[in-house]
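A.B. asks: Structure file upload.csv (CSV, C-alpha atoms) is given on the next line.
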chain,number,residue,atom,x,y,z
V,164,MET,CA,134.1,-124.6,-9.4
V,165,ILE,CA,133.0,-121.2,-10.8
V,166,LYS,CA,134.8,-118.0,-10.4
V,167,ALA,CA,133.8,-114.9,-12.4
V,168,THR,CA,135.5,-111.6,-12.1
V,169,ASN,CA,135.1,-108.2,-13.7
V,170,ILE,CA,131.8,-109.0,-15.4
V,171,SER,CA,130.0,-106.1,-17.0
V,172,LYS,CA,127.5,-106.0,-19.9
V,173,SER,CA,125.7,-103.2,-21.6
V,174,PHE,CA,123.0,-103.1,-24.3
V,175,GLY,CA,123.2,-99.7,-26.0
V,176,LYS,CA,123.6,-97.1,-23.2
V,177,LYS,CA,122.1,-99.3,-20.6
V,178,LYS,CA,124.5,-101.1,-18.3
V,179,VAL,CA,122.8,-104.4,-17.4
V,180,ILE,CA,125.6,-106.0,-15.4
V,181,ASP,CA,127.9,-103.6,-13.6
V,182,ASN,CA,131.4,-105.0,-12.8
V,183,ILE,CA,130.5,-107.8,-10.5
V,184,ASP,CA,132.2,-110.9,-9.2
V,185,LEU,CA,130.8,-114.3,-8.4
V,186,SER,CA,132.2,-117.5,-6.8
V,187,VAL,CA,130.4,-120.8,-6.5
V,188,GLU,CA,131.8,-123.8,-4.7
V,189,LYS,CA,131.7,-127.3,-6.1
V,190,GLY,CA,128.4,-129.0,-5.2
V,191,GLU,CA,126.7,-125.7,-4.1
V,192,ILE,CA,123.2,-124.8,-5.0
V,193,ILE,CA,122.7,-121.0,-5.2
V,194,SER,CA,119.7,-118.9,-6.2
V,195,ILE,CA,120.0,-115.6,-7.9
V,196,ILE,CA,117.0,-113.4,-7.1
V,197,GLY,CA,116.0,-109.8,-7.9
V,198,PRO,CA,113.3,-107.8,-9.8
V,199,SER,CA,112.6,-108.0,-13.5
V,200,GLY,CA,115.3,-106.2,-15.5
V,201,ALA,CA,117.9,-106.6,-12.8
V,202,GLY,CA,120.3,-108.5,-15.1
V,203,LYS,CA,119.7,-112.0,-13.8
V,204,THR,CA,119.2,-113.7,-17.2
V,205,THR,CA,122.1,-111.8,-18.8
V,206,LEU,CA,124.4,-112.9,-16.0
V,207,MET,CA,123.2,-116.5,-16.4
V,208,ASN,CA,123.9,-116.3,-20.1
V,209,ILE,CA,127.4,-115.0,-19.5
V,210,ILE,CA,128.1,-117.8,-17.0
V,211,GLY,CA,126.7,-120.2,-19.5
V,212,THR,CA,129.1,-118.8,-22.2
V,213,LEU,CA,126.1,-117.8,-24.4
V,214,GLU,CA,127.1,-114.1,-24.1
V,215,LYS,CA,130.4,-112.4,-23.5
V,216,PRO,CA,131.0,-109.5,-21.1
V,217,ASP,CA,132.0,-106.1,-22.5
V,218,SER,CA,135.5,-106.0,-21.1
V,219,LYS,CA,138.2,-108.2,-22.6
V,220,ASN,CA,139.8,-108.3,-19.1
V,221,TYR,CA,137.1,-110.4,-17.5
V,222,SER,CA,137.7,-113.9,-16.2
V,223,LEU,CA,135.3,-116.8,-16.1
V,224,LEU,CA,136.8,-119.9,-14.6
V,225,ILE,CA,134.6,-123.0,-14.7
V,226,ASN,CA,135.8,-126.4,-13.5
V,227,LYS,CA,139.4,-125.1,-13.8
V,228,ILE,CA,138.9,-124.0,-17.4
V,229,GLU,CA,139.4,-120.3,-18.2
V,230,THR,CA,136.5,-120.0,-20.7
V,231,SER,CA,137.5,-116.4,-21.7
V,232,LYS,CA,140.6,-117.9,-23.5
V,233,LEU,CA,138.6,-120.4,-25.5
V,234,LEU,CA,138.0,-120.0,-29.3
V,235,GLU,CA,134.4,-120.1,-30.5
V,236,ASN,CA,134.4,-123.7,-31.6
V,237,GLU,CA,136.1,-124.6,-28.2
V,238,ILE,CA,133.4,-122.7,-26.3
V,239,SER,CA,130.6,-124.6,-28.1
V,240,LYS,CA,132.2,-128.0,-27.3
V,241,PHE,CA,132.8,-126.9,-23.7
V,242,ARG,CA,129.2,-125.7,-23.3
V,243,ASN,CA,127.8,-129.0,-24.6
V,244,ASN,CA,130.1,-131.1,-22.4
V,245,GLU,CA,130.3,-129.1,-19.1
V,246,LEU,CA,127.1,-127.2,-18.8
V,247,GLY,CA,123.4,-128.1,-18.7
V,248,PHE,CA,120.6,-125.6,-19.3
V,249,VAL,CA,117.0,-125.6,-18.0
V,250,PHE,CA,114.8,-122.7,-19.1
V,251,GLN,CA,111.3,-121.4,-18.1
V,252,PHE,CA,110.0,-122.4,-21.5
V,253,HIS,CA,111.0,-126.0,-22.0
V,254,GLU,CA,112.1,-125.6,-25.6
V,255,LEU,CA,111.2,-129.3,-26.4
V,256,LEU,CA,111.0,-130.2,-30.1
V,257,PRO,CA,107.4,-131.0,-30.8
V,258,GLU,CA,108.0,-133.6,-33.5
V,259,PHE,CA,110.2,-135.8,-31.2
V,260,THR,CA,109.2,-138.0,-28.3
V,261,ALA,CA,110.3,-137.2,-24.7
V,262,GLN,CA,113.2,-139.7,-24.9
V,263,GLU,CA,114.3,-138.4,-28.3
V,264,ASN,CA,114.3,-134.9,-26.9
V,265,ILE,CA,116.4,-136.0,-24.0
V,266,CYS,CA,119.0,-137.6,-26.3
V,267,ILE,CA,119.5,-134.7,-28.7
V,268,PRO,CA,122.6,-133.1,-26.9
V,269,ALA,CA,124.3,-136.5,-26.8
V,270,MET,CA,123.6,-137.0,-30.5
V,271,ILE,CA,125.1,-133.6,-31.2
V,272,LYS,CA,128.1,-134.6,-29.1
V,273,GLY,CA,128.6,-137.8,-31.2
V,274,VAL,CA,127.9,-140.3,-28.4
V,275,LYS,CA,127.2,-143.8,-29.6
V,276,LYS,CA,123.5,-144.6,-29.8
V,277,LYS,CA,123.7,-147.6,-27.4
V,278,GLU,CA,125.4,-145.3,-24.8
V,279,TYR,CA,123.0,-142.4,-25.0
V,280,LEU,CA,119.9,-144.6,-25.0
V,281,GLU,CA,121.2,-146.3,-21.8
V,282,LYS,CA,122.0,-143.0,-20.2
V,283,SER,CA,118.6,-141.6,-21.2
V,284,GLU,CA,116.9,-144.6,-19.6
V,285,MET,CA,118.8,-144.0,-16.4
V,286,LEU,CA,117.7,-140.4,-16.3
V,287,ILE,CA,114.1,-141.3,-17.2
V,288,ASN,CA,114.0,-143.6,-14.2
V,289,ILE,CA,115.7,-141.1,-11.9
V,290,LEU,CA,113.2,-138.4,-12.9
V,291,ASN,CA,110.2,-140.8,-12.8
V,292,ILE,CA,109.0,-140.1,-16.4
V,293,SER,CA,109.2,-143.7,-17.8
V,294,ARG,CA,105.4,-143.7,-18.3
V,295,VAL,CA,105.7,-140.8,-20.8
V,296,LYS,CA,109.0,-141.4,-22.5
V,297,ASP,CA,107.3,-142.3,-25.9
V,298,GLN,CA,104.9,-139.4,-25.8
V,299,ARG,CA,105.4,-136.1,-27.6
V,300,PRO,CA,105.7,-132.8,-25.7
V,301,ASN,CA,102.1,-131.7,-26.3
V,302,GLU,CA,100.9,-134.9,-24.6
V,303,LEU,CA,102.8,-134.1,-21.4
V,304,SER,CA,101.8,-132.0,-18.4
V,305,GLY,CA,103.9,-128.9,-17.5
V,306,GLY,CA,105.7,-130.8,-14.7
V,307,GLU,CA,106.5,-133.7,-17.1
V,308,GLN,CA,107.8,-131.4,-19.8
V,309,GLN,CA,110.1,-129.7,-17.3
V,310,ARG,CA,111.4,-133.1,-16.1
V,311,VAL,CA,112.1,-134.0,-19.7
V,312,ALA,CA,114.0,-130.7,-20.0
V,313,VAL,CA,116.0,-131.5,-16.9
V,314,ALA,CA,116.9,-134.9,-18.2
V,315,ARG,CA,118.0,-133.4,-21.5
V,316,ALA,CA,120.2,-130.9,-19.7
V,317,LEU,CA,121.9,-133.8,-17.8
V,318,ILE,CA,122.4,-136.3,-20.7
V,319,ASN,CA,126.0,-135.3,-21.3
V,320,ASP,CA,127.0,-135.5,-17.6
V,321,PRO,CA,127.6,-131.7,-17.1
V,322,LYS,CA,129.4,-130.4,-14.1
V,323,VAL,CA,127.2,-127.4,-13.8
V,324,LEU,CA,123.4,-127.0,-14.2
V,325,LEU,CA,122.1,-123.6,-15.0
V,326,ALA,CA,118.3,-123.1,-14.5
V,327,ASP,CA,116.6,-119.8,-15.5
V,328,GLU,CA,113.2,-119.6,-13.9
V,329,PRO,CA,112.7,-123.4,-14.2
V,330,SER,CA,109.5,-123.3,-12.1
V,331,GLY,CA,108.1,-120.2,-13.7
V,332,ASN,CA,105.3,-122.2,-15.6
V,333,LEU,CA,104.6,-124.7,-12.8
V,334,ASP,CA,102.1,-124.6,-10.0
V,335,SER,CA,103.5,-124.3,-6.5
V,336,ASP,CA,103.4,-128.1,-5.8
V,337,ASN,CA,105.3,-129.0,-9.0
V,338,ALA,CA,107.7,-126.1,-8.4
V,339,LYS,CA,108.6,-127.3,-5.0
V,340,LYS,CA,109.0,-130.9,-6.3
V,341,LEU,CA,111.4,-129.6,-9.0
V,342,TYR,CA,113.6,-127.9,-6.5
V,343,GLU,CA,113.6,-130.9,-4.3
V,344,LEU,CA,114.7,-132.9,-7.4
V,345,PHE,CA,117.6,-130.5,-7.9
V,346,PHE,CA,118.9,-131.5,-4.4
V,347,GLU,CA,118.5,-135.2,-5.2
V,348,LEU,CA,120.4,-134.7,-8.5
V,349,ARG,CA,123.2,-132.9,-6.8
V,350,GLU,CA,123.9,-135.9,-4.7
V,351,LYS,CA,123.4,-138.5,-7.4
V,352,MET,CA,125.3,-136.6,-10.2
V,353,ASP,CA,127.8,-134.5,-8.3
V,354,LEU,CA,126.3,-131.2,-9.7
V,355,THR,CA,126.8,-127.6,-9.0
V,356,ILE,CA,123.5,-125.7,-9.6
V,357,ILE,CA,122.7,-122.0,-10.2
V,358,THR,CA,119.1,-121.1,-10.4
V,359,ILE,CA,117.2,-117.8,-11.2
V,360,THR,CA,113.9,-117.5,-9.5
V,361,HIS,CA,111.3,-115.0,-8.4
V,362,ASN,CA,109.9,-117.5,-5.9
V,363,LYS,CA,111.0,-116.5,-2.4
V,364,GLU,CA,110.1,-119.9,-0.9
V,365,LEU,CA,112.2,-121.8,-3.4
V,366,SER,CA,115.1,-119.5,-3.1
V,367,GLU,CA,115.2,-120.1,0.6
V,368,MET,CA,115.7,-123.8,-0.1
V,369,SER,CA,119.1,-123.1,-1.7
V,370,ASP,CA,122.4,-123.2,0.1
V,371,ARG,CA,122.9,-119.5,-0.7
V,372,LYS,CA,120.8,-116.7,-2.0
V,373,LEU,CA,122.2,-113.8,-4.0
V,374,ARG,CA,120.2,-110.6,-4.8
V,375,LEU,CA,120.9,-108.7,-8.0
V,376,ILE,CA,119.5,-105.2,-8.4
V,377,ASP,CA,120.3,-102.9,-11.3
V,378,GLY,CA,123.2,-105.1,-12.3
V,379,LYS,CA,124.9,-105.1,-8.9
V,380,TRP,CA,124.8,-107.4,-5.9
V,381,SER,CA,122.7,-106.1,-3.1
V,382,LYS,CA,121.9,-107.2,0.5
As structure tokens, what does this structure read like?
C.D. replies:
Amino acid sequence: MIKATNISKSFGKKKVIDNIDLSVEKGEIISIIGPSGAGKTTLMNIIGTLEKPDSKNYSLLINKIETSKLLENEISKFRNNELGFVFQFHELLPEFTAQENICIPAMIKGVKKKEYLEKSEMLINILNISRVKDQRPNELSGGEQQRVAVARALINDPKVLLADEPSGNLDSDNAKKLYELFFELREKMDLTIITITHNKELSEMSDRKLRLIDGKWSK
């Protein structure tokens, strides 16, 4: 599903990612852990095609597509179609309702209104947020906002879900519920999921845990 090789990234003189490889099987849920500044978010951004590694000789194969060979406009289309993103800060647009926020990626993709409304209703039901679908983000709890963000990430049927500290602003109960939700979504939507977390208990729930320290994998 995902195979990254020869991944390095520097900012100025500081090497944040130091020539690492990563393989993730289809349907796998992995957690990337490590201290602050270890390079976790930078690696996630590279996997998500939001940033490029330093070397032109890198490879990033996702769902049999070699993303390093794609042009900029092709990468944007690939990202919107194949990848879903969930962040620590929900990044919901305050002027739109929960359902409208969910639908935005599908609108950008050019999906017909009838289709994306039907899909959003399905996700709203799966994530148990039908009660708040017409409310705006500032009227939602933190857990509800994060579920809206997850639904938004899934509206275009991505193959891969990338979650960067998705439980960082949630209490322990809602954090655990969110991770349990990821496992439910994997089965229902055939997802491969990569998460970044500082939460040891949550990382232990994953199929596999990888530790990143100073830009390198560590035991």
A.B. asks: Using all atoms listed in the file, determine which residues lie at most 12 Å from region 258-265 of chain V, disregarding the query and same-chain residues fewer than 2 positions distant; provide the list as a VMD selection string.
C.D. replies: chain V and resid 247 253 to 256 267 to 271 276 279 to 288 290 292 to 304 307 to 319
A.B. asks: May I ask for the distance between CA of Lys166 (chain V) and CA of Phe345 (chain V), given in Å to one decimal place?
C.D. replies: 21.4 Å
A.B. asks: What does the structure give for the distance between CA of Asn208 (chain V) and CA of Phe248 (chain V), in Å to one decimal?
C.D. replies: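 Value for the CA of Asn208 (chain V)-CA of Phe248 (chain V) distance: 9.9 Å.
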A.B. asks: I want to know what sits within 6 Å of region 188-205 of chain V, based on all atoms listed in the file, with residues of the same chain fewer than 2 positions away left out; could you give that as a PyMOL selection string?
C.D. replies: chain V and resi 164+179-180+207-208+354-360+366+369-378
A.B. asks: Which one is closest to Lys339 (chain V): V:Met368, V:Leu185, V:Ile289, V:Ile170? Count all atoms listed in the file.
C.D. replies: V:Met368
A.B. asks: (134.9, -125.1, -14.7) in this file's frame - what residues fall within 9 Å of it? Use only C-alpha atoms and give the answer as an mmCIF file with C-alpha atoms, in the frame of the given file.
C.D. replies:
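Writing done, so here's result_39.cif:
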data_model
loop_
_atom_site.group_PDB
_atom_site.id
_atom_site.type_symbol
_atom_site.label_atom_id
_atom_site.label_comp_id
_atom_site.auth_asym_id
_atom_site.auth_seq_id
_atom_site.Cartn_x
_atom_site.Cartn_y
_atom_site.Cartn_z
ATOM 1 C CA MET V 164 134.100 -124.600 -9.400
ATOM 2 C CA ILE V 165 133.000 -121.200 -10.800
ATOM 3 C CA LYS V 166 134.800 -118.000 -10.400
ATOM 4 C CA LEU V 223 135.300 -116.800 -16.100
ATOM 5 C CA LEU V 224 136.800 -119.900 -14.600
ATOM 6 C CA ILE V 225 134.600 -123.000 -14.700
ATOM 7 C CA ASN V 226 135.800 -126.400 -13.500
ATOM 8 C CA LYS V 227 139.400 -125.100 -13.800
ATOM 9 C CA ILE V 228 138.900 -124.000 -17.400
ATOM 10 C CA GLU V 229 139.400 -120.300 -18.200
ATOM 11 C CA THR V 230 136.500 -120.000 -20.700
ATOM 12 C CA GLU V 245 130.300 -129.100 -19.100
ATOM 13 C CA LYS V 322 129.400 -130.400 -14.100
ATOM 14 C CA VAL V 323 127.200 -127.400 -13.800
#
A.B. asks: Could you tell me which of V:Asn220, V:Asn169, V:Gln251, V:Thr212 comes closest to Glu235 (chain V) if we count all atoms listed in the file?
C.D. replies: V:Thr212
A.B. asks: Just to confirm, what's the straight-line distance from CA of Ile238 (chain V) to CA of Pro321 (chain V) in Å (one decimal)?
C.D. replies: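 The value is 14.1 Å.
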A.B. asks: Which is closest to Lys340 (chain V) among V:Ala167, V:Leu233, V:Leu206, V:Leu365, if we use all atoms listed in the file?
C.D. replies: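 Answer, going by the shortest atom-to-atom distance: V:Leu365.
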A.B. asks: Write out as a list in words the residues lying within 10 Å of Asp217 (chain V), counting all atoms listed in the file and excluding same-chain residues fewer than 2 positions away.
C.D. replies: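 Using all atoms listed in the file, the neighbours found are Asn169, Ile170, Ser171, Lys172, Ser173, Phe174, Lys178, Ile180, Asn182, Glu214, Lys215, Lys219, Asn220 and Tyr221 of chain V.
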A.B. asks: V:Leu234, V:Leu348, V:Ala338, V:Val187: which is nearest Asn362 (chain V), counting all atoms listed in the file?
C.D. replies: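 Checking each of V:Leu234, V:Leu348, V:Ala338, V:Val187 against Asn362 (chain V), counting all atoms listed in the file, the winner is V:Ala338.
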A.B. asks: Reconstruct N, CA, C and O atoms of region 262-287 of chain V from the incomplete input and present them as a PDB file, in the coordinates of the input.
C.D. replies:
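The resulting file, result-v4.pdb, is shown below:
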ATOM      1  N   GLN V 262     111.827-139.101 -24.928  1.00  0.00           N
ATOM      2  CA  GLN V 262     113.200-139.700 -24.900  1.00  0.00           C
ATOM      3  C   GLN V 262     114.040-139.177 -26.004  1.00  0.00           C
ATOM      4  O   GLN V 262     115.236-138.934 -25.791  1.00  0.00           O
ATOM      5  N   GLU V 263     113.492-138.967 -27.190  1.00  0.00           N
ATOM      6  CA  GLU V 263     114.300-138.400 -28.300  1.00  0.00           C
ATOM      7  C   GLU V 263     114.769-137.012 -27.964  1.00  0.00           C
ATOM      8  O   GLU V 263     115.913-136.651 -28.265  1.00  0.00           O
ATOM      9  N   ASN V 264     113.905-136.209 -27.339  1.00  0.00           N
ATOM     10  CA  ASN V 264     114.300-134.900 -26.900  1.00  0.00           C
ATOM     11  C   ASN V 264     115.466-134.927 -25.932  1.00  0.00           C
ATOM     12  O   ASN V 264     116.423-134.147 -26.015  1.00  0.00           O
ATOM     13  N   ILE V 265     115.378-135.862 -25.003  1.00  0.00           N
ATOM     14  CA  ILE V 265     116.400-136.000 -24.000  1.00  0.00           C
ATOM     15  C   ILE V 265     117.777-136.338 -24.663  1.00  0.00           C
ATOM     16  O   ILE V 265     118.823-135.852 -24.241  1.00  0.00           O
ATOM     17  N   CYS V 266     117.737-137.132 -25.699  1.00  0.00           N
ATOM     18  CA  CYS V 266     119.000-137.600 -26.300  1.00  0.00           C
ATOM     19  C   CYS V 266     119.653-136.650 -27.257  1.00  0.00           C
ATOM     20  O   CYS V 266     120.822-136.857 -27.622  1.00  0.00           O
ATOM     21  N   ILE V 267     118.978-135.584 -27.655  1.00  0.00           N
ATOM     22  CA  ILE V 267     119.500-134.700 -28.700  1.00  0.00           C
ATOM     23  C   ILE V 267     120.913-134.153 -28.370  1.00  0.00           C
ATOM     24  O   ILE V 267     121.802-134.194 -29.226  1.00  0.00           O
ATOM     25  N   PRO V 268     121.196-133.628 -27.157  1.00  0.00           N
ATOM     26  CA  PRO V 268     122.600-133.100 -26.900  1.00  0.00           C
ATOM     27  C   PRO V 268     123.625-134.207 -27.039  1.00  0.00           C
ATOM     28  O   PRO V 268     124.742-133.927 -27.490  1.00  0.00           O
ATOM     29  N   ALA V 269     123.304-135.438 -26.665  1.00  0.00           N
ATOM     30  CA  ALA V 269     124.300-136.500 -26.800  1.00  0.00           C
ATOM     31  C   ALA V 269     124.493-136.890 -28.255  1.00  0.00           C
ATOM     32  O   ALA V 269     125.613-137.226 -28.662  1.00  0.00           O
ATOM     33  N   MET V 270     123.443-136.805 -29.057  1.00  0.00           N
ATOM     34  CA  MET V 270     123.600-137.000 -30.500  1.00  0.00           C
ATOM     35  C   MET V 270     124.480-135.993 -31.124  1.00  0.00           C
ATOM     36  O   MET V 270     125.330-136.306 -31.951  1.00  0.00           O
ATOM     37  N   ILE V 271     124.290-134.742 -30.715  1.00  0.00           N
ATOM     38  CA  ILE V 271     125.100-133.600 -31.200  1.00  0.00           C
ATOM     39  C   ILE V 271     126.590-133.872 -30.818  1.00  0.00           C
ATOM     40  O   ILE V 271     127.510-133.620 -31.598  1.00  0.00           O
ATOM     41  N   LYS V 272     126.783-134.371 -29.624  1.00  0.00           N
ATOM     42  CA  LYS V 272     128.100-134.600 -29.100  1.00  0.00           C
ATOM     43  C   LYS V 272     128.816-135.782 -29.860  1.00  0.00           C
ATOM     44  O   LYS V 272     130.049-135.893 -29.875  1.00  0.00           O
ATOM     45  N   GLY V 273     128.026-136.651 -30.469  1.00  0.00           N
ATOM     46  CA  GLY V 273     128.600-137.800 -31.200  1.00  0.00           C
ATOM     47  C   GLY V 273     128.681-139.048 -30.332  1.00  0.00           C
ATOM     48  O   GLY V 273     129.434-139.972 -30.666  1.00  0.00           O
ATOM     49  N   VAL V 274     127.914-139.101 -29.247  1.00  0.00           N
ATOM     50  CA  VAL V 274     127.900-140.300 -28.400  1.00  0.00           C
ATOM     51  C   VAL V 274     127.243-141.442 -29.166  1.00  0.00           C
ATOM     52  O   VAL V 274     126.293-141.246 -29.927  1.00  0.00           O
ATOM     53  N   LYS V 275     127.743-142.638 -28.967  1.00  0.00           N
ATOM     54  CA  LYS V 275     127.200-143.800 -29.600  1.00  0.00           C
ATOM     55  C   LYS V 275     125.731-144.027 -29.173  1.00  0.00           C
ATOM     56  O   LYS V 275     125.394-143.815 -28.013  1.00  0.00           O
ATOM     57  N   LYS V 276     124.895-144.494 -30.114  1.00  0.00           N
ATOM     58  CA  LYS V 276     123.500-144.600 -29.800  1.00  0.00           C
ATOM     59  C   LYS V 276     123.202-145.520 -28.629  1.00  0.00           C
ATOM     60  O   LYS V 276     122.366-145.195 -27.779  1.00  0.00           O
ATOM     61  N   LYS V 277     123.892-146.637 -28.536  1.00  0.00           N
ATOM     62  CA  LYS V 277     123.700-147.600 -27.400  1.00  0.00           C
ATOM     63  C   LYS V 277     123.953-146.844 -26.097  1.00  0.00           C
ATOM     64  O   LYS V 277     123.217-147.017 -25.121  1.00  0.00           O
ATOM     65  N   GLU V 278     125.003-146.023 -26.063  1.00  0.00           N
ATOM     66  CA  GLU V 278     125.400-145.300 -24.800  1.00  0.00           C
ATOM     67  C   GLU V 278     124.358-144.272 -24.447  1.00  0.00           C
ATOM     68  O   GLU V 278     123.954-144.180 -23.273  1.00  0.00           O
ATOM     69  N   TYR V 279     123.921-143.452 -25.432  1.00  0.00           N
ATOM     70  CA  TYR V 279     123.000-142.400 -25.000  1.00  0.00           C
ATOM     71  C   TYR V 279     121.596-142.923 -24.742  1.00  0.00           C
ATOM     72  O   TYR V 279     120.867-142.338 -23.941  1.00  0.00           O
ATOM     73  N   LEU V 280     121.234-144.049 -25.346  1.00  0.00           N
ATOM     74  CA  LEU V 280     119.900-144.600 -25.000  1.00  0.00           C
ATOM     75  C   LEU V 280     119.983-145.196 -23.564  1.00  0.00           C
ATOM     76  O   LEU V 280     119.020-145.037 -22.797  1.00  0.00           O
ATOM     77  N   GLU V 281     121.089-145.832 -23.195  1.00  0.00           N
ATOM     78  CA  GLU V 281     121.200-146.300 -21.800  1.00  0.00           C
ATOM     79  C   GLU V 281     121.221-145.188 -20.826  1.00  0.00           C
ATOM     80  O   GLU V 281     120.576-145.278 -19.769  1.00  0.00           O
ATOM     81  N   LYS V 282     121.938-144.109 -21.149  1.00  0.00           N
ATOM     82  CA  LYS V 282     122.000-143.000 -20.200  1.00  0.00           C
ATOM     83  C   LYS V 282     120.607-142.307 -20.118  1.00  0.00           C
ATOM     84  O   LYS V 282     120.175-141.914 -19.020  1.00  0.00           O
ATOM     85  N   SER V 283     119.905-142.199 -21.245  1.00  0.00           N
ATOM     86  CA  SER V 283     118.600-141.600 -21.200  1.00  0.00           C
ATOM     87  C   SER V 283     117.620-142.431 -20.360  1.00  0.00           C
ATOM     88  O   SER V 283     116.801-141.885 -19.616  1.00  0.00           O
ATOM     89  N   GLU V 284     117.727-143.740 -20.452  1.00  0.00           N
ATOM     90  CA  GLU V 284     116.900-144.600 -19.600  1.00  0.00           C
ATOM     91  C   GLU V 284     117.161-144.422 -18.154  1.00  0.00           C
ATOM     92  O   GLU V 284     116.240-144.410 -17.330  1.00  0.00           O
ATOM     93  N   MET V 285     118.429-144.263 -17.809  1.00  0.00           N
ATOM     94  CA  MET V 285     118.800-144.000 -16.400  1.00  0.00           C
ATOM     95  C   MET V 285     118.173-142.728 -15.904  1.00  0.00           C
ATOM     96  O   MET V 285     117.578-142.682 -14.816  1.00  0.00           O
ATOM     97  N   LEU V 286     118.273-141.661 -16.709  1.00  0.00           N
ATOM     98  CA  LEU V 286     117.700-140.400 -16.300  1.00  0.00           C
ATOM     99  C   LEU V 286     116.190-140.419 -16.249  1.00  0.00           C
ATOM    100  O   LEU V 286     115.577-139.830 -15.356  1.00  0.00           O
ATOM    101  N   ILE V 287     115.601-141.111 -17.198  1.00  0.00           N
ATOM    102  CA  ILE V 287     114.100-141.300 -17.200  1.00  0.00           C
ATOM    103  C   ILE V 287     113.665-141.921 -15.932  1.00  0.00           C
ATOM    104  O   ILE V 287     112.652-141.517 -15.347  1.00  0.00           O
TER     105      ILE V 287
END
